[in-house]
Structure formats: C-alpha cells, structure tokens
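The file model26.cif comes next; it holds mmCIF, C-alpha atoms.
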data_query
#
loop_
_atom_site.label_atom_id
_atom_site.label_comp_id
_atom_site.auth_asym_id
_atom_site.auth_seq_id
_atom_site.Cartn_x
_atom_site.Cartn_y
_atom_site.Cartn_z
CA MET A 5 4.42 -12.12 -6.42
CA SER A 6 0.93 -11.63 -7.69
CA LEU A 7 -2.02 -9.34 -7.48
CA PHE A 8 -3.21 -11.47 -4.58
CA SER A 9 -0.69 -9.90 -2.23
CA ILE A 10 -2.34 -6.52 -2.84
CA PHE A 11 -5.36 -7.89 -1.02
CA ASN A 12 -3.16 -8.60 1.99
CA VAL A 13 -1.56 -5.15 1.83
CA ALA A 14 -4.84 -3.26 1.43
CA GLY A 15 -6.45 -5.50 4.04
CA SER A 16 -3.74 -4.70 6.57
CA GLY A 17 -4.30 -1.01 5.83
CA MET A 18 -8.02 -1.35 6.44
CA ALA A 19 -7.44 -3.26 9.67
CA ALA A 20 -5.01 -0.60 10.92
CA GLN A 21 -7.37 2.23 10.02
CA SER A 22 -10.25 0.50 11.77
CA VAL A 23 -8.14 0.24 14.94
CA ARG A 24 -7.54 3.97 14.61
CA LEU A 25 -11.28 4.62 14.19
CA ASN A 26 -11.86 2.45 17.24
CA THR A 27 -9.52 4.52 19.40
CA VAL A 28 -11.16 7.72 18.11
CA ALA A 29 -14.57 6.34 19.10
CA SER A 30 -13.24 5.37 22.52
CA ASN A 31 -11.63 8.79 23.04
CA LEU A 32 -14.74 10.71 22.00
CA ALA A 33 -16.96 8.52 24.16
CA ASN A 34 -14.74 9.19 27.17
CA ALA A 35 -14.16 12.87 26.46
CA ASP A 36 -16.28 13.87 29.46
CA SER A 37 -15.36 11.03 31.81
CA VAL A 38 -14.15 12.08 35.24
CA ALA A 39 -12.09 10.21 37.81
CA SER A 40 -11.11 10.78 41.41
CA SER A 41 -7.35 10.95 40.76
CA ALA A 42 -5.02 12.05 37.96
CA GLN A 43 -3.65 8.50 37.73
CA THR A 44 -6.99 6.88 36.99
CA ALA A 45 -8.29 9.63 34.71
CA TYR A 46 -8.91 8.67 31.08
CA ARG A 47 -6.00 9.47 28.79
CA SER A 48 -6.40 9.96 25.04
CA LYS A 49 -5.30 6.83 23.17
CA GLU A 50 -3.61 6.75 19.79
CA PRO A 51 -2.49 3.72 17.74
CA LEU A 52 1.11 3.49 16.53
CA PHE A 53 1.50 2.36 12.92
CA SER A 54 4.52 0.62 11.50
CA GLN A 55 5.16 -1.01 8.14
CA VAL A 56 5.36 -4.78 8.04
CA GLN A 57 7.15 -7.01 5.57
CA GLN A 58 4.94 -9.51 3.78
CA GLN A 59 5.79 -13.13 4.50
CA HIS A 60 7.11 -14.62 1.29
CA THR A 61 7.16 -18.37 0.94
CA PRO A 62 10.72 -19.40 0.09
CA GLY A 63 11.16 -20.04 -3.59
CA ALA A 64 7.79 -18.59 -4.50
CA GLY A 65 9.35 -15.62 -6.22
CA GLY A 66 11.69 -17.78 -8.23
CA ALA A 67 15.44 -17.99 -7.97
CA GLY A 68 17.27 -14.72 -7.73
CA SER A 69 14.24 -12.59 -7.10
CA ASN A 70 14.73 -10.13 -4.29
CA THR A 71 11.22 -9.89 -2.96
CA ASP A 72 12.24 -8.33 0.35
CA ASP A 73 13.10 -4.96 -1.15
CA GLY A 74 10.11 -2.96 -0.05
CA ALA A 75 7.28 -4.03 -2.33
CA GLY A 76 4.25 -5.57 -0.73
CA ASN A 77 4.68 -3.90 2.62
CA GLY A 78 1.53 -3.86 4.68
CA VAL A 79 0.96 -1.87 7.81
CA GLN A 80 0.48 -3.07 11.35
CA VAL A 81 -0.52 -1.52 14.64
CA VAL A 82 2.45 -2.06 16.96
CA GLY A 83 0.77 -0.59 19.99
CA VAL A 84 -1.61 1.94 21.42
CA THR A 85 0.00 4.90 23.14
CA GLU A 86 -1.62 7.11 25.74
CA SER A 87 -1.35 10.86 25.56
CA GLN A 88 0.96 12.42 28.16
CA ALA A 89 -0.84 15.76 28.06
CA SER A 90 -1.73 17.16 31.47
CA ILE A 91 -4.97 16.00 33.10
CA PRO A 92 -7.25 18.95 33.81
CA SER A 93 -8.84 19.09 37.27
CA ARG A 94 -12.06 20.81 38.27
CA TYR A 95 -13.33 21.86 41.70
CA GLU A 96 -16.64 19.98 42.10
CA PRO A 97 -17.19 19.13 45.76
CA GLY A 98 -20.72 17.84 45.03
CA ASN A 99 -19.47 15.21 42.59
CA PRO A 100 -19.54 11.69 44.09
CA LEU A 101 -16.17 10.99 42.45
CA ALA A 102 -14.50 14.06 43.98
CA ASP A 103 -11.35 13.46 46.06
CA ALA A 104 -10.77 14.69 49.62
CA ASP A 105 -10.09 18.25 48.43
CA GLY A 106 -13.22 18.30 46.25
CA TYR A 107 -11.48 17.98 42.88
CA VAL A 108 -12.43 15.70 39.97
CA TYR A 109 -10.01 14.86 37.16
CA SER A 110 -11.38 14.81 33.62
CA SER A 111 -9.85 13.24 30.51
CA ASN A 112 -7.19 14.93 28.37
CA VAL A 113 -9.05 14.15 25.12
CA ASN A 114 -9.00 16.97 22.59
CA PRO A 115 -12.24 16.56 20.58
CA VAL A 116 -10.90 18.61 17.64
CA ASP A 117 -7.87 16.32 17.34
CA GLU A 118 -10.12 13.30 17.44
CA LEU A 119 -12.45 14.57 14.72
CA VAL A 120 -9.49 15.35 12.45
CA ASN A 121 -8.15 11.88 13.18
CA MET A 122 -11.51 10.37 12.33
CA ILE A 123 -11.73 12.11 8.95
CA SER A 124 -8.17 11.10 8.09
CA ALA A 125 -8.76 7.47 9.09
CA SER A 126 -11.99 7.34 7.11
CA ARG A 127 -10.31 8.70 3.97
CA SER A 128 -7.42 6.24 4.25
CA TYR A 129 -9.85 3.37 4.76
CA GLN A 130 -11.75 4.38 1.61
CA ASN A 131 -8.46 4.55 -0.28
CA ASN A 132 -7.68 0.96 0.63
CA VAL A 133 -11.17 -0.17 -0.34
CA GLU A 134 -10.72 1.44 -3.76
CA VAL A 135 -7.36 -0.28 -4.19
CA MET A 136 -9.02 -3.62 -3.43
CA ASN A 137 -11.88 -2.99 -5.85
CA THR A 138 -9.56 -1.98 -8.67
CA THR A 139 -7.34 -4.99 -8.06
CA LYS A 140 -10.34 -7.29 -8.12
CA GLN A 141 -11.41 -5.88 -11.47
CA LEU A 142 -7.91 -6.30 -12.88
CA MET A 143 -7.81 -9.92 -11.74
CA LEU A 144 -11.20 -10.67 -13.26
CA LYS A 145 -10.07 -9.14 -16.54
CA THR A 146 -6.91 -11.23 -16.44
CA LEU A 147 -9.02 -14.35 -15.97
CA THR A 148 -10.92 -13.62 -19.17
CA LEU A 149 -7.70 -13.09 -21.13
CA GLY A 150 -7.97 -14.17 -24.74
CA GLN A 151 -11.75 -14.34 -24.89
CA MET B 187 9.18 -17.25 -35.09
CA SER B 188 9.26 -19.79 -32.33
CA LEU B 189 6.06 -20.08 -30.37
CA THR B 190 7.24 -19.74 -26.81
CA THR B 191 5.22 -17.37 -24.70
CA ASP B 192 8.23 -15.08 -24.43
CA ASN B 193 8.23 -13.95 -28.03
CA LEU B 194 4.64 -14.85 -28.78
CA PHE B 195 3.34 -11.80 -27.02
CA GLY B 196 6.44 -9.68 -27.35
CA ILE B 197 7.22 -7.24 -24.63
CA ASN B 198 3.65 -7.27 -23.33
CA THR B 199 4.13 -10.12 -20.85
CA GLN B 200 7.03 -8.30 -19.23
CA ALA B 201 5.08 -5.06 -19.25
CA LEU B 202 2.15 -6.83 -17.62
CA ASN B 203 4.45 -8.17 -14.90
CA LEU B 204 5.80 -4.70 -14.29
CA TRP B 205 2.39 -3.03 -14.09
CA GLN B 206 1.33 -5.71 -11.66
CA ARG B 207 4.37 -5.15 -9.50
CA ARG B 208 3.97 -1.41 -9.63
CA SER B 209 0.35 -1.66 -8.50
CA GLU B 210 1.60 -3.72 -5.57
CA VAL B 211 4.15 -1.04 -4.66
CA LEU B 212 1.53 1.71 -4.94
CA ALA B 213 -0.90 -0.33 -2.83
CA SER B 214 1.64 -0.63 -0.06
CA ASN B 215 2.29 3.12 -0.29
CA MET B 216 -1.40 3.78 0.24
CA ALA B 217 -1.65 1.25 3.07
CA ASN B 218 1.22 3.07 4.79
CA ALA B 219 -0.15 6.54 4.11
CA ASP B 220 -0.33 7.20 7.87
CA THR B 221 2.79 5.33 8.99
CA PRO B 222 5.35 7.72 10.52
CA GLY B 223 8.66 7.73 8.70
CA TYR B 224 7.46 5.61 5.79
CA LEU B 225 9.14 6.51 2.50
CA ALA B 226 6.99 6.16 -0.61
CA ARG B 227 8.40 3.74 -3.19
CA ASP B 228 7.91 3.49 -6.94
CA ILE B 229 9.27 1.74 -10.00
CA ASP B 230 10.97 3.58 -12.83
CA PHE B 231 8.97 1.84 -15.54
CA ARG B 232 11.15 2.72 -18.51
CA LYS B 233 14.32 1.62 -16.75
CA ALA B 234 12.76 -1.58 -15.46
CA LEU B 235 11.24 -2.56 -18.79
CA THR B 236 14.50 -1.90 -20.60
CA ALA B 237 16.28 -4.06 -18.05
CA ALA B 238 13.66 -6.81 -18.26
CA SER B 239 13.70 -6.96 -22.04
CA GLY B 240 17.39 -6.25 -22.46
CA GLY B 241 19.10 -8.29 -25.17
CA SER B 242 16.03 -10.20 -26.23
CA ASP B 243 14.89 -7.71 -28.83
CA GLY B 244 18.21 -7.01 -30.40
CA ASN B 245 18.89 -4.24 -27.91
CA LEU B 246 22.16 -4.12 -26.10
CA ALA B 247 22.21 -5.92 -22.78
CA LEU B 248 23.07 -3.91 -19.72
CA GLN B 249 26.53 -4.37 -18.32
CA THR B 250 26.74 -5.13 -14.63
CA THR B 251 29.68 -4.15 -12.50
CA ALA B 252 28.52 -5.57 -9.19
CA PRO B 253 26.29 -8.39 -8.01
CA GLY B 254 22.75 -7.25 -7.39
CA GLN B 255 22.72 -4.92 -10.34
CA ILE B 256 20.18 -5.44 -13.07
CA GLY B 257 21.71 -7.49 -15.84
CA SER B 258 20.26 -8.77 -19.07
CA GLY B 259 18.82 -11.80 -17.32
CA SER B 260 16.74 -9.76 -14.98
CA THR B 261 12.99 -10.11 -14.97
CA ALA B 262 10.23 -7.70 -14.19
CA SER B 263 9.61 -9.33 -10.83
CA ASN B 264 12.86 -8.08 -9.32
CA ALA B 265 12.82 -4.60 -10.76
CA PRO B 266 14.59 -2.14 -8.49
CA LEU B 267 12.48 0.17 -6.39
CA ALA B 268 13.16 3.86 -6.14
CA TYR B 269 11.96 6.45 -3.66
CA GLN B 270 9.41 9.04 -4.62
CA ILE B 271 10.26 12.70 -4.15
CA PRO B 272 7.62 14.23 -1.87
CA SER B 273 5.89 17.36 -3.11
CA GLN B 274 5.65 18.82 0.38
CA PRO B 275 7.25 18.04 3.73
CA SER B 276 5.35 16.36 6.55
CA MET B 277 5.90 16.48 10.29
CA ASP B 278 6.12 12.70 10.76
CA GLY B 279 8.60 12.07 7.94
CA ASN B 280 6.06 10.24 5.80
CA THR B 281 6.52 10.95 2.08
CA VAL B 282 3.29 9.37 0.81
CA ASP B 283 1.20 11.87 -1.15
CA GLU B 284 -2.21 10.20 -1.23
CA GLN B 285 -3.55 12.09 -4.25
CA VAL B 286 -0.44 11.28 -6.26
CA GLN B 287 -0.72 7.63 -5.28
CA GLN B 288 -4.37 7.53 -6.31
CA ALA B 289 -3.61 9.07 -9.68
CA ASP B 290 -0.66 6.74 -10.26
CA PHE B 291 -2.69 3.72 -9.24
CA ALA B 292 -5.51 4.64 -11.62
CA ALA B 293 -3.10 5.22 -14.49
CA ASN B 294 -1.33 2.01 -13.63
CA SER B 295 -4.50 -0.06 -13.81
CA VAL B 296 -5.38 1.47 -17.19
CA HIS B 297 -1.92 0.54 -18.46
CA TYR B 298 -2.36 -2.96 -17.07
CA GLN B 299 -5.63 -3.32 -18.97
CA ALA B 300 -3.97 -1.95 -22.10
CA SER B 301 -1.30 -4.66 -21.89
CA LEU B 302 -4.06 -7.23 -21.40
CA SER B 303 -5.82 -5.93 -24.53
CA PHE B 304 -2.63 -6.20 -26.56
CA ILE B 305 -2.19 -9.81 -25.50
CA THR B 306 -5.85 -10.57 -26.23
CA ALA B 307 -5.50 -9.04 -29.69
CA GLN B 308 -2.44 -11.17 -30.30
CA ILE B 309 -4.36 -14.28 -29.26
CA HIS B 310 -7.20 -13.34 -31.62
CA MET B 311 -4.74 -12.85 -34.45
CA LEU B 312 -3.17 -16.25 -33.85
CA ARG B 313 -6.58 -17.86 -33.61
CA THR B 314 -7.58 -16.31 -36.91
CA ALA B 315 -4.36 -17.58 -38.46
CA ILE B 316 -4.96 -21.08 -37.09
CA THR B 317 -8.56 -21.35 -38.21
CA GLY B 318 -8.02 -19.46 -41.42
CA GLY B 319 -10.77 -17.04 -40.54
CA GLN B 320 -13.37 -19.84 -40.40
CA GLY B 321 -13.92 -19.85 -36.64
#

What would you get if you wrote out this structure as structure tokens?
Amino acid sequence: MSLFSIFNVAGSGMAAQSVRLNTVASNLANADSVASSAQTAYRSKEPLFSQVQQQHTPGAGGAGSNTDDGAGNGVQVVGVTESQASIPSRYEPGNPLADADGYVYSSNVNPVDELVNMISASRSYQNNVEVMNTTKQLMLKTLTLGQ
Amino acid sequence: MSLTTDNLFGINTQALNLWQRRSEVLASNMANADTPGYLARDIDFRKALTAASGGSDGNLALQTTAPGQIGSGSTASNAPLAYQIPSQPSMDGNTVDEQVQQADFAANSVHYQASLSFITAQIHMLRTAITGGQG
C-alpha cells in the first residue's frame, strides 16, 4: 500500500484510453471503406472496459489489512466489440467491389459518435496524466521530509 | 513522552497514511471513469481517522460487535471504503463524476502536503531541542 500503486492504476487507465483512441482512429480511417458483402464490411469497433483488482503481494499490507476491498483498482480492456448496427448498402454498379447485383456495402461507422468518443478518451487520458504528475510531486516531497 | 514514531508526530502519521490511501482510491475512480457499472469509492476521513487513532489519545476506543468492524487496533491502511453518491445519473451505471474526483484529488494532495509540513515542523522542533539552537 503506497503511492507507487497509483502509478499502476493511472498507467492502466492511460493504457485503456489509448486502446480506445486506437479504435476511434481505426473507425474513422475506415469510415468510407466499402466491401462486396455485408459480412465483410467494416463494422465500428469499441473497446470494453472493466475494473481490475491490483495484485497484492501476500503479507505486503501487513497482517489483518484487507487490501482487496476496492482501493487500487485499475482498469483493463477485456475485449473489443463490433457494432451490430445495420450495414448500409449503395447501388454502384461501376465500383470494382460491387457484388452481382451492383451493390457495395459501406461501414456502419458513425463519425459523430467517434469524435465524441475521441474527446472523451482524450480528457480521461489527461486526467490520468495529471494524477500521475501530482503523485510524483507528493512522493518527491515525502522524500525530502524533515529537510 | 516516549520517542516512538507513533507519538512523536502525533496523529499526523496516521493522517498521512489516510491521505495517501484516499489518493489511491480517487486515482482508481479516475482510471475507471469510463468503465460501465463502476461505482465510485471514497473514504470518510473523519470516521477513518477516529478509528485509526482510537484509544491512543485518551479518546474512547470503538466497540466492535462483529469481526471485520473497525476496532481500536485498526490502522489507516484498512480504513473502510464507502460509495460516493452520484450527482447525476448515467446510462451505463457509472457513478464517477470526473470534476468531483479532480477537485477531491487536488484537495487531498494539499492535505497530504499539509501533514508532511506538520511532520517536518515537528522534526525541526526536535532538532532545535537536541542542538539547543546551535545547529
């Protein structure tokens, strides 16, 4: 139990948010991708966050300390889900990717959703960076205790 | 006055422990700000500090009626966590209010530094007493 575990917690938050930013980048890049069938069309991806219990070394917290009560929970990405929204199709017989009936299938990415997601992820990332900075300052001050 | 660290710095060491633990709790709240269903946690500082210092300062120790409750021997490191009351509902069941967490974290770090200053002042006082004001 020390300020060091805050680095792990904030670090896990930054890692999770960067995965989220990554999926946003991927979604926006593929917003205009087309495919020749609804099955192979690009589907919007979104990471699934879940809290994770920090690994405590046995005995580190001292006897009788209940360290598994919710403090020091980081976050982890348990998976990346694909949007089940319907795949829009367009009639483009001249497109090389068009199927037998002349249809192409574009992605179901909603650019507005993605931009909102991006702003939210960026803010959360900055939050975690600030937590790390503040914790670092506190630790440095603790090191100079008594001087 | 015996010179163990417990009563050398008074309640400040326990307070320091508590601020440290609370900053950890607030950090995990902020890390989970986008986790669906996550419930924001916090420490009731007054309750925890009373429990941590119970009996040692002439105060009455807390009576426990069940194992797991906070008795007089409890320390700041196993202070009980409570759940924060969200100011507004959210669709994914997450009760973390980022602005509140930021404000709490900032206040918490100021309090932490205040406890550090108190301990530093105590060390300076002792040093003055030891050296007789010569050093």

Counting only C-alpha atoms, which residues of chain A fall within 10 Å of chain B, and what is the closest atom pair for each with its distance in Å at one decimal, ordered by chain and rising number, as a tab-separated table?
residue	atom	partner	partner_atom	distance
A:Met5	CA	B:Ser263	CA	7.4
A:Ser6	CA	B:Gln206	CA	7.1
A:Leu7	CA	B:Gln206	CA	6.5
A:Phe8	CA	B:Glu210	CA	9.2
A:Ser9	CA	B:Glu210	CA	7.4
A:Ile10	CA	B:Glu210	CA	5.6
A:Phe11	CA	B:Ala213	CA	9.0
A:Asn12	CA	B:Ser214	CA	9.5
A:Val13	CA	B:Ser214	CA	5.9
A:Ala14	CA	B:Ala217	CA	5.8
A:Gly15	CA	B:Ala217	CA	8.3
A:Ser16	CA	B:Ala217	CA	7.2
A:Gly17	CA	B:Ala217	CA	4.4
A:Met18	CA	B:Ala217	CA	7.7
A:Ala19	CA	B:Ala217	CA	9.9
A:Ala20	CA	B:Ala217	CA	8.7
A:Gln21	CA	B:Asp220	CA	8.9
A:Leu52	CA	B:Thr221	CA	7.9
A:Phe53	CA	B:Thr221	CA	5.1
A:Ser54	CA	B:Thr221	CA	5.6
A:Gln55	CA	B:Asn218	CA	6.6
A:Val56	CA	B:Asn218	CA	9.5
A:Gly65	CA	B:Ser263	CA	7.8
A:Gly66	CA	B:Ser263	CA	9.1
A:Gly68	CA	B:Asn264	CA	8.1
A:Ser69	CA	B:Asn264	CA	5.2
A:Asn70	CA	B:Asn264	CA	5.7
A:Thr71	CA	B:Asn264	CA	6.8
A:Asp72	CA	B:Asn264	CA	9.7
A:Asp73	CA	B:Leu267	CA	7.4
A:Gly74	CA	B:Leu267	CA	7.5
A:Ala75	CA	B:Val211	CA	4.9
A:Gly76	CA	B:Ser214	CA	5.6
A:Asn77	CA	B:Ser214	CA	5.2
A:Gly78	CA	B:Ser214	CA	5.7
A:Val79	CA	B:Asn218	CA	5.8
A:Gln80	CA	B:Asn218	CA	9.0
A:Val81	CA	B:Thr221	CA	9.5
A:Ser124	CA	B:Asp220	CA	8.8
A:Ala125	CA	B:Asp220	CA	8.5
A:Arg127	CA	B:Glu284	CA	9.7
A:Ser128	CA	B:Ala219	CA	7.3
A:Tyr129	CA	B:Ala217	CA	8.6
A:Asn131	CA	B:Met216	CA	7.1
A:Asn132	CA	B:Ala217	CA	6.5
A:Glu134	CA	B:Gln288	CA	9.2
A:Val135	CA	B:Ala213	CA	6.6
A:Met136	CA	B:Ala213	CA	8.8
A:Thr138	CA	B:Ser295	CA	7.5
A:Thr139	CA	B:Ser295	CA	8.1
A:Gln141	CA	B:Ser295	CA	9.3
A:Leu142	CA	B:Gln299	CA	7.2
A:Lys145	CA	B:Gln299	CA	7.7
A:Thr146	CA	B:Leu302	CA	7.0
A:Thr148	CA	B:Thr306	CA	9.2
A:Leu149	CA	B:Thr306	CA	6.0
A:Gly150	CA	B:Thr306	CA	4.4
A:Gln151	CA	B:Thr306	CA	7.1

Distance of CA of Leu101 (chain A) from CA of Leu32 (chain A), expressed in Å to one decimal place:
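Computed distance, CA of Leu32 (chain A) to CA of Leu101 (chain A), equals 20.5 Å.
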
Excluding same-chain residues fewer than 2 positions from Ser37 (chain A), what lies within 10 Å of it counting all atoms listed in the file, as an NGL selection string?
:A and (31-35 or 39 or 45-47 or 108-113)

Applying 7 Å and all atoms listed in the file, which residues near Pro97 (chain A) remain after dropping the ones on its own chain fewer than 2 positions away? List them as an MDAnalysis selection string.
chainID A and resid 95 99 102 106:107

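Here CA of Asp117 (chain A) and CA of Gly83 (chain A) stand 19.2 Å from one another.
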
Hey, can you check how far CA of Met311 (chain B) sits from CA of Leu147 (chain A)?
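Separating CA of Met311 (chain B) from CA of Leu147 (chain A) is a distance of 19.0 Å.
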
Centre and edge lengths of an axis-aligned box around all listed atoms of region 104-117 of chain A, with 6 Å added on each side, are to be given in Å to one decimal, as AutoDock Vina command-line options.
--center_x -10.2 --center_y 15.9 --center_z 33.5 --size_x 18.0 --size_y 17.4 --size_z 44.3
